[in-house]
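Here's final_24.csv, which has CSV, C-alpha atoms:
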```csv
chain,number,residue,atom,x,y,z
M,1,MET,CA,-142.1,103.0,-149.7
M,2,LYS,CA,-140.0,100.7,-147.5
M,3,ILE,CA,-139.8,100.7,-143.7
M,4,GLU,CA,-137.0,98.8,-142.0
M,5,THR,CA,-136.2,98.4,-138.3
M,6,ALA,CA,-133.5,96.9,-136.2
M,7,GLU,CA,-133.1,96.7,-132.5
M,8,GLN,CA,-131.2,94.8,-129.8
M,9,GLY,CA,-130.7,95.1,-126.1
M,10,ALA,CA,-127.4,95.7,-124.3
M,11,PRO,CA,-125.8,92.3,-123.6
M,12,GLY,CA,-127.3,90.6,-120.6
M,13,ARG,CA,-130.4,92.7,-120.4
M,14,VAL,CA,-133.8,93.1,-122.0
M,15,THR,CA,-134.0,96.1,-124.2
M,16,GLU,CA,-136.0,99.2,-123.0
M,17,ASP,CA,-136.1,100.7,-126.4
M,18,ARG,CA,-139.4,100.5,-128.4
M,19,ILE,CA,-140.3,100.9,-132.1
M,20,ARG,CA,-143.9,101.1,-133.4
M,21,VAL,CA,-144.6,101.1,-137.2
M,22,LEU,CA,-147.9,102.4,-138.6
M,23,PRO,CA,-149.0,102.9,-142.2
M,24,ASN,CA,-148.1,106.6,-142.1
M,25,ALA,CA,-146.0,107.0,-139.0
M,26,VAL,CA,-143.1,105.5,-137.0
M,27,VAL,CA,-142.4,105.9,-133.2
M,28,VAL,CA,-139.1,105.2,-131.6
M,29,LEU,CA,-138.7,105.5,-127.8
M,30,ASP,CA,-135.9,104.8,-125.3
M,31,GLY,CA,-137.1,103.9,-121.9
M,32,VAL,CA,-135.4,105.4,-118.8
M,33,THR,CA,-135.8,103.5,-115.5
M,34,SER,CA,-136.5,105.5,-112.3
M,35,ARG,CA,-134.1,104.8,-109.5
M,36,THR,CA,-137.0,104.5,-107.0
M,37,ARG,CA,-139.6,102.6,-109.0
M,38,PRO,CA,-140.2,98.9,-108.6
M,39,PRO,CA,-138.9,96.6,-111.4
M,40,ASP,CA,-142.3,96.0,-112.9
M,41,ARG,CA,-142.5,99.7,-113.7
M,42,ASN,CA,-139.1,100.2,-115.4
M,43,GLY,CA,-138.2,102.2,-118.4
M,44,GLY,CA,-139.3,99.4,-120.7
M,45,TRP,CA,-142.7,99.3,-119.1
M,46,TYR,CA,-143.1,103.1,-119.5
M,47,ALA,CA,-141.9,103.0,-123.1
M,48,THR,CA,-144.3,100.2,-124.0
M,49,LYS,CA,-147.3,102.1,-122.5
M,50,LEU,CA,-146.3,105.4,-124.2
M,51,ALA,CA,-145.7,103.7,-127.5
M,52,ASP,CA,-149.0,102.0,-127.5
M,53,GLU,CA,-150.8,105.2,-126.5
M,54,LEU,CA,-149.1,107.1,-129.3
M,55,VAL,CA,-150.2,104.5,-131.8
M,56,ARG,CA,-153.7,104.9,-130.6
M,57,LEU,CA,-153.6,108.7,-130.9
M,58,LEU,CA,-151.7,109.0,-134.2
M,59,ASP,CA,-154.9,108.5,-136.1
M,60,ASP,CA,-155.6,112.1,-135.1
M,61,THR,CA,-154.1,114.9,-137.3
M,62,ASP,CA,-153.3,117.2,-134.4
M,63,PRO,CA,-149.7,118.5,-134.1
M,64,LEU,CA,-147.3,115.9,-132.9
M,65,PRO,CA,-146.4,117.8,-129.7
M,66,ASP,CA,-150.1,117.9,-128.8
M,67,LEU,CA,-150.4,114.1,-129.3
M,68,LEU,CA,-147.3,113.5,-127.2
M,69,ALA,CA,-148.6,115.7,-124.4
M,70,ARG,CA,-151.9,114.0,-124.5
M,71,ALA,CA,-150.3,110.5,-124.4
M,72,ILE,CA,-148.3,111.5,-121.3
M,73,ALA,CA,-151.4,112.9,-119.6
M,74,ASN,CA,-153.3,109.7,-120.3
M,75,LEU,CA,-150.6,107.6,-118.7
M,76,VAL,CA,-150.4,109.8,-115.7
M,77,ALA,CA,-154.2,109.5,-115.2
M,78,GLU,CA,-154.3,105.7,-115.8
M,79,HIS,CA,-151.3,104.8,-113.7
M,80,ASP,CA,-151.0,107.5,-111.1
M,81,LEU,CA,-147.6,108.6,-112.2
M,82,VAL,CA,-145.8,111.3,-110.1
M,83,PRO,CA,-143.5,113.9,-111.7
M,84,GLY,CA,-139.9,113.3,-110.6
M,85,ASP,CA,-140.7,109.8,-109.4
M,86,SER,CA,-141.7,108.0,-112.5
M,87,PRO,CA,-140.0,106.0,-115.3
M,88,ALA,CA,-139.6,108.0,-118.5
M,89,ALA,CA,-138.7,107.8,-122.1
M,90,THR,CA,-137.0,109.8,-124.8
M,91,ALA,CA,-139.1,110.0,-128.0
M,92,SER,CA,-139.0,110.5,-131.7
M,93,MET,CA,-142.0,110.4,-134.0
M,94,VAL,CA,-142.2,110.6,-137.8
M,95,ARG,CA,-145.5,111.1,-139.6
M,96,TRP,CA,-146.2,111.6,-143.3
M,97,ASN,CA,-148.8,112.2,-146.0
M,98,ASP,CA,-148.6,112.7,-149.7
M,99,ASP,CA,-147.1,116.2,-149.3
M,100,THR,CA,-145.2,116.5,-146.1
M,101,ILE,CA,-143.1,114.7,-143.5
M,102,GLU,CA,-143.4,115.8,-139.9
M,103,ALA,CA,-140.8,114.9,-137.2
M,104,LEU,CA,-140.7,115.3,-133.4
M,105,VAL,CA,-137.7,114.7,-131.1
M,106,LEU,CA,-137.7,114.9,-127.3
M,107,CYS,CA,-134.3,114.3,-125.7
M,108,ASP,CA,-131.5,112.2,-127.3
M,109,THR,CA,-133.5,110.2,-129.9
M,110,PRO,CA,-132.7,112.1,-133.2
M,111,VAL,CA,-134.4,112.1,-136.6
M,112,VAL,CA,-132.5,112.6,-139.8
M,113,ALA,CA,-133.9,113.3,-143.2
M,114,PHE,CA,-132.0,112.7,-146.5
M,115,GLY,CA,-132.6,114.2,-149.9
M,116,GLN,CA,-131.1,117.2,-151.6
M,117,SER,CA,-129.3,117.7,-148.2
M,118,THR,CA,-129.0,116.0,-144.9
M,119,ARG,CA,-131.2,117.5,-142.2
M,120,VAL,CA,-130.7,116.5,-138.6
M,121,LEU,CA,-133.3,117.1,-135.9
M,122,GLU,CA,-131.7,116.5,-132.6
M,123,ASP,CA,-132.3,117.7,-129.0
M,124,THR,CA,-128.9,118.4,-127.4
M,125,ARG,CA,-130.2,119.8,-124.1
M,126,LEU,CA,-129.3,116.7,-122.1
M,127,GLU,CA,-125.9,116.5,-123.7
M,128,ASP,CA,-125.2,120.2,-123.0
M,129,LEU,CA,-125.9,119.6,-119.3
M,130,ARG,CA,-123.8,116.4,-118.9
M,131,PRO,CA,-120.9,118.2,-117.2
M,132,ASP,CA,-123.2,119.0,-114.3
M,133,PRO,CA,-122.7,116.2,-111.6
M,134,ASP,CA,-126.3,116.7,-110.4
M,135,ILE,CA,-127.9,116.5,-113.9
M,136,LEU,CA,-131.1,115.0,-112.6
M,137,ARG,CA,-132.1,118.3,-110.9
M,138,TRP,CA,-132.5,119.7,-114.4
M,139,LYS,CA,-135.0,117.1,-115.6
M,140,ASN,CA,-138.2,118.7,-117.0
M,141,LYS,CA,-137.2,122.1,-115.7
M,142,PRO,CA,-137.0,125.4,-117.6
M,143,GLY,CA,-133.4,125.8,-118.7
M,144,GLY,CA,-132.8,122.1,-118.3
M,145,TYR,CA,-133.6,119.1,-120.4
M,146,TRP,CA,-137.0,117.5,-121.2
M,147,VAL,CA,-138.1,113.9,-121.4
M,148,ALA,CA,-141.4,112.1,-121.5
M,149,GLU,CA,-142.2,111.3,-117.9
M,150,ALA,CA,-145.2,112.3,-115.8
M,151,ASP,CA,-145.6,116.0,-116.8
M,152,PRO,CA,-147.5,116.6,-120.1
M,153,VAL,CA,-145.8,119.9,-120.5
M,154,ALA,CA,-142.8,118.0,-121.7
M,155,GLY,CA,-144.7,117.2,-124.9
M,156,HIS,CA,-144.7,120.8,-125.9
M,157,GLN,CA,-141.0,121.1,-125.2
M,158,ALA,CA,-140.2,118.7,-128.0
M,159,LEU,CA,-138.4,119.9,-131.1
M,160,THR,CA,-140.2,119.6,-134.5
M,161,ALA,CA,-139.5,119.9,-138.2
M,162,THR,CA,-141.5,119.6,-141.4
M,163,TRP,CA,-140.0,118.6,-144.7
M,164,ARG,CA,-141.5,118.4,-148.2
M,165,ARG,CA,-142.0,114.8,-149.2
M,166,ASP,CA,-140.9,115.4,-152.8
M,167,GLU,CA,-137.6,116.7,-151.5
M,168,THR,CA,-137.0,113.8,-149.1
M,169,GLU,CA,-135.7,110.4,-150.1
M,170,SER,CA,-135.6,108.7,-146.7
M,171,VAL,CA,-135.7,109.4,-142.9
M,172,ILE,CA,-134.2,107.6,-140.0
M,173,ALA,CA,-135.2,107.7,-136.3
M,174,LEU,CA,-132.8,106.2,-133.8
M,175,THR,CA,-132.0,105.9,-130.1
M,176,ASP,CA,-128.7,107.1,-128.7
M,177,GLY,CA,-127.4,103.6,-128.6
M,178,VAL,CA,-127.2,103.9,-132.4
M,179,SER,CA,-126.7,107.6,-132.9
M,180,CYS,CA,-123.5,107.3,-130.8
M,181,GLY,CA,-121.9,105.6,-133.7
M,182,VAL,CA,-122.1,108.9,-135.5
M,183,SER,CA,-122.0,111.6,-132.9
M,184,GLU,CA,-119.5,110.0,-130.4
M,185,TYR,CA,-117.6,107.1,-132.0
M,186,GLY,CA,-117.2,108.5,-135.5
M,187,LEU,CA,-117.8,105.1,-137.0
M,188,PHE,CA,-120.3,106.4,-139.6
M,189,SER,CA,-121.6,109.5,-141.2
M,190,TRP,CA,-125.4,110.2,-141.1
M,191,GLU,CA,-125.3,109.4,-144.8
M,192,ASP,CA,-123.9,105.9,-144.1
M,193,LEU,CA,-127.0,105.2,-142.0
M,194,GLU,CA,-129.1,105.9,-145.0
M,195,GLN,CA,-127.4,103.1,-147.0
M,196,LEU,CA,-125.9,100.4,-144.8
M,197,PRO,CA,-127.9,97.3,-143.7
M,198,LEU,CA,-129.3,98.2,-140.3
M,199,GLY,CA,-128.1,95.0,-138.6
M,200,GLN,CA,-124.6,95.7,-139.7
M,201,VAL,CA,-124.8,99.2,-138.2
M,202,LEU,CA,-125.8,97.7,-134.8
M,203,ASP,CA,-123.1,95.1,-134.9
M,204,ARG,CA,-120.3,97.5,-135.8
M,205,ILE,CA,-121.2,99.7,-132.8
M,206,ARG,CA,-121.2,96.7,-130.5
M,207,ASP,CA,-117.8,95.6,-131.9
M,208,ALA,CA,-116.3,99.1,-131.3
M,209,GLU,CA,-117.7,99.2,-127.7
M,210,ARG,CA,-116.2,95.8,-126.9
M,211,GLY,CA,-112.9,97.0,-128.1
M,212,ASP,CA,-113.1,99.9,-125.6
M,213,SER,CA,-114.4,98.0,-122.6
M,214,GLU,CA,-112.4,100.3,-120.2
M,215,HIS,CA,-114.2,103.4,-121.6
M,216,LEU,CA,-110.9,105.0,-122.4
M,217,ARG,CA,-111.3,106.0,-126.0
M,218,TRP,CA,-115.0,106.9,-125.6
M,219,PRO,CA,-115.7,107.9,-122.0
M,220,ARG,CA,-119.2,106.7,-121.0
M,221,TYR,CA,-121.0,105.4,-118.0
M,222,LYS,CA,-121.8,102.0,-119.4
M,223,THR,CA,-120.1,99.8,-122.0
M,224,HIS,CA,-123.3,99.1,-124.1
M,225,ASP,CA,-126.7,100.7,-124.5
M,226,ASP,CA,-129.9,99.4,-126.0
M,227,GLN,CA,-130.2,100.0,-129.8
M,228,ALA,CA,-133.1,100.8,-132.0
M,229,ILE,CA,-133.4,102.4,-135.4
M,230,ALA,CA,-136.1,102.7,-138.0
M,231,ARG,CA,-135.5,103.8,-141.6
M,232,ILE,CA,-138.3,104.9,-143.9
M,233,THR,CA,-137.3,105.0,-147.6
M,234,PHE,CA,-139.9,107.0,-149.6
M,235,SER,CA,-138.3,106.5,-153.0
M,236,ALA,CA,-138.3,102.7,-152.7
```
Turn this file's structure into structure tokens for me.
Amino acid sequence: MKIETAEQGAPGRVTEDRIRVLPNAVVVLDGVTSRTRPPDRNGGWYATKLADELVRLLDDTDPLPDLLARAIANLVAEHDLVPGDSPAATASMVRWNDDTIEALVLCDTPVVAFGQSTRVLEDTRLEDLRPDPDILRWKNKPGGYWVAEADPVAGHQALTATWRRDETESVIALTDGVSCGVSEYGLFSWEDLEQLPLGQVLDRIRDAERGDSEHLRWPRYKTHDDQAIARITFSA
């Protein structure tokens, strides 16, 4: 088995993405800063706290949504977080044993498995709501989109999948600063991300974004996003 990671912040800022690697699991988070929280409790702070709490809990064999809900609840209790007025994070988790690979996705941090076919686990609820000018009113609401914040219920709104390990060659988990290279920019296929050097993937996305600094080819609200990707190769 081989586990590779790559990450970098958007130019001029410290990344709020987080990756954690365990012997049998990988966690990838994308921190989201609250507009009303002080700088010392930004999305990076929350993503760090949540990632570390998930690492502590992943020794447990409980279902991944239960572990995510418990991690959120523990942060709420420890740091007095308030729903709707807290930093947050999107989340993906991958955990494996000799027989199976489990995956969880909450918001736009997809997981993709490769083998006899390509299987994409992605949560499109946020993207589906983007035309709404007041999208924040749908955060962590029924019929809206869900993100890890200060409501443990969000953990059980995550999407999950289980794959047979003997049918899976590799798995990637990535934040939207990398998945945009497939889903928005069309620079790669998912299969490319199974094979290419991860640093090269990040650099090619940055180059493409710099070539569209006016956001004309790919409309978006910021030129660059933080980037994080983990690749687990089971056949290595």
- Message: For range 218-233 of chain M, find every residue with an atom within 8 Å (counting only C-alpha atoms), except residues of its own chain fewer than 3 positions away, and show them as a PyMOL selection string.
- Response: chain M and resi 1-11+15-19+26+28+169-178+184-185+194+198+202+206+209-210+212-215+236
- Write out as a ChimeraX atom specification each polymer residue whose atoms come within 8 Å of Leu159 in chain M, counting all atoms listed in the file; drop sequence neighbours fewer than 6 positions from it. /M:104-106,121-123
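Distance annotation: of M:Leu193, M:Ile135, M:Ala161, M:Val94, the residue with the minimal separation from Arg119 in chain M is M:Ala161; atom set is all atoms listed in the file.
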- Between M:Val201, M:Trp190, M:Lys139, M:Glu102, single out the one closest to Asp62 in chain M, counting all atoms listed in the file. M:Glu102
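Note that the spacing between CA of Met93 in chain M and CA of Ser189 in chain M amounts to 21.7 Å.
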- Just the residues within 10 Å of Gly143 in chain M, please, counting all atoms listed in the file, with nothing from its chain fewer than 4 positions along; format it as a PyMOL selection string. chain M and resi 125+129+138-139
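What separates CA of Gln116 in chain M from CA of Asp203 in chain M is a distance of 28.8 Å.
Going from CA of Thr168 in chain M to CA of Arg56 in chain M covers 26.5 Å.
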- Query: Could you name the residues that touch Asp99 in chain M at 8 Å or less, counting only C-alpha atoms, but leaving out those on the same chain fewer than 5 positions away, as a ChimeraX atom specification?
  - Reply: /M:164-166
Give me, as CSV, each residue of range 12-31 of chain M that comes within 10 Å of range 145-157 of chain M, together with its shortest interatomic pair and the distance in Å at one decimal, counting only C-alpha atoms, with rows ordered by chain and rising residue number.
```
residue,atom,partner,partner_atom,distance
M:Leu29,CA,M:Ala148,CA,9.5
M:Asp30,CA,M:Ala148,CA,9.9
M:Gly31,CA,M:Ala148,CA,9.3
```
- Polymer residues at most 12 Å from Leu75 in chain M, only C-alpha atoms, same-chain spacing of 6 or more positions, as a list in words: Trp45, Tyr46, Ala47, Thr48, Lys49, Leu50, Ala51, Asp52, Glu53, Leu54, Leu68, Ala69, Leu81, Val82, Pro83, Ser86, Pro87, Ala88, Ala148, Glu149, Ala150, Asp151 and Pro152 of chain M
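The nearest approach to Glu127 in chain M among the residues M:Thr162, M:Ser92, M:Ser183, M:Ser34, with only C-alpha atoms taken into account, belongs to M:Ser183.
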Using the incomplete input, complete range 69-82 of chain M to the level of N, CA, C and O atoms; output as a short mmCIF file (atom, residue, chain, number, x, y, z; two decimals), in the frame of the given file.
```cif
data_model
loop_
_atom_site.label_atom_id
_atom_site.label_comp_id
_atom_site.auth_asym_id
_atom_site.auth_seq_id
_atom_site.Cartn_x
_atom_site.Cartn_y
_atom_site.Cartn_z
N ALA M 69 -148.09 115.20 -125.65
CA ALA M 69 -148.60 115.70 -124.40
C ALA M 69 -149.82 114.97 -123.90
O ALA M 69 -149.95 114.63 -122.72
N ARG M 70 -150.70 114.69 -124.84
CA ARG M 70 -151.90 114.00 -124.50
C ARG M 70 -151.62 112.54 -124.06
O ARG M 70 -152.22 112.03 -123.10
N ALA M 71 -150.69 111.90 -124.75
CA ALA M 71 -150.30 110.50 -124.40
C ALA M 71 -149.73 110.49 -122.97
O ALA M 71 -150.05 109.59 -122.18
N ILE M 72 -148.86 111.45 -122.67
CA ILE M 72 -148.30 111.50 -121.30
C ILE M 72 -149.37 111.72 -120.28
O ILE M 72 -149.40 111.04 -119.24
N ALA M 73 -150.29 112.65 -120.55
CA ALA M 73 -151.40 112.90 -119.60
C ALA M 73 -152.24 111.70 -119.39
O ALA M 73 -152.66 111.41 -118.25
N ASN M 74 -152.50 110.95 -120.45
CA ASN M 74 -153.30 109.70 -120.30
C ASN M 74 -152.64 108.69 -119.44
O ASN M 74 -153.29 108.02 -118.63
N LEU M 75 -151.31 108.55 -119.59
CA LEU M 75 -150.60 107.60 -118.70
C LEU M 75 -150.58 108.03 -117.29
O LEU M 75 -150.69 107.19 -116.39
N VAL M 76 -150.41 109.33 -117.06
CA VAL M 76 -150.40 109.80 -115.70
C VAL M 76 -151.77 109.51 -115.03
O VAL M 76 -151.82 109.03 -113.89
N ALA M 77 -152.86 109.74 -115.75
CA ALA M 77 -154.20 109.50 -115.20
C ALA M 77 -154.45 108.01 -114.97
O ALA M 77 -155.03 107.61 -113.95
N GLU M 78 -154.00 107.18 -115.90
CA GLU M 78 -154.30 105.70 -115.80
C GLU M 78 -153.45 105.03 -114.78
O GLU M 78 -153.90 104.08 -114.14
N HIS M 79 -152.20 105.50 -114.58
CA HIS M 79 -151.30 104.80 -113.70
C HIS M 79 -150.77 105.53 -112.52
O HIS M 79 -149.85 105.09 -111.84
N ASP M 80 -151.39 106.68 -112.24
CA ASP M 80 -151.00 107.50 -111.10
C ASP M 80 -149.55 107.82 -111.00
O ASP M 80 -148.90 107.70 -109.95
N LEU M 81 -149.00 108.23 -112.11
CA LEU M 81 -147.60 108.60 -112.20
C LEU M 81 -147.33 109.94 -111.52
O LEU M 81 -148.16 110.85 -111.62
N VAL M 82 -146.17 110.05 -110.88
CA VAL M 82 -145.80 111.30 -110.10
C VAL M 82 -144.61 111.91 -110.77
O VAL M 82 -143.57 111.26 -110.93
#
```
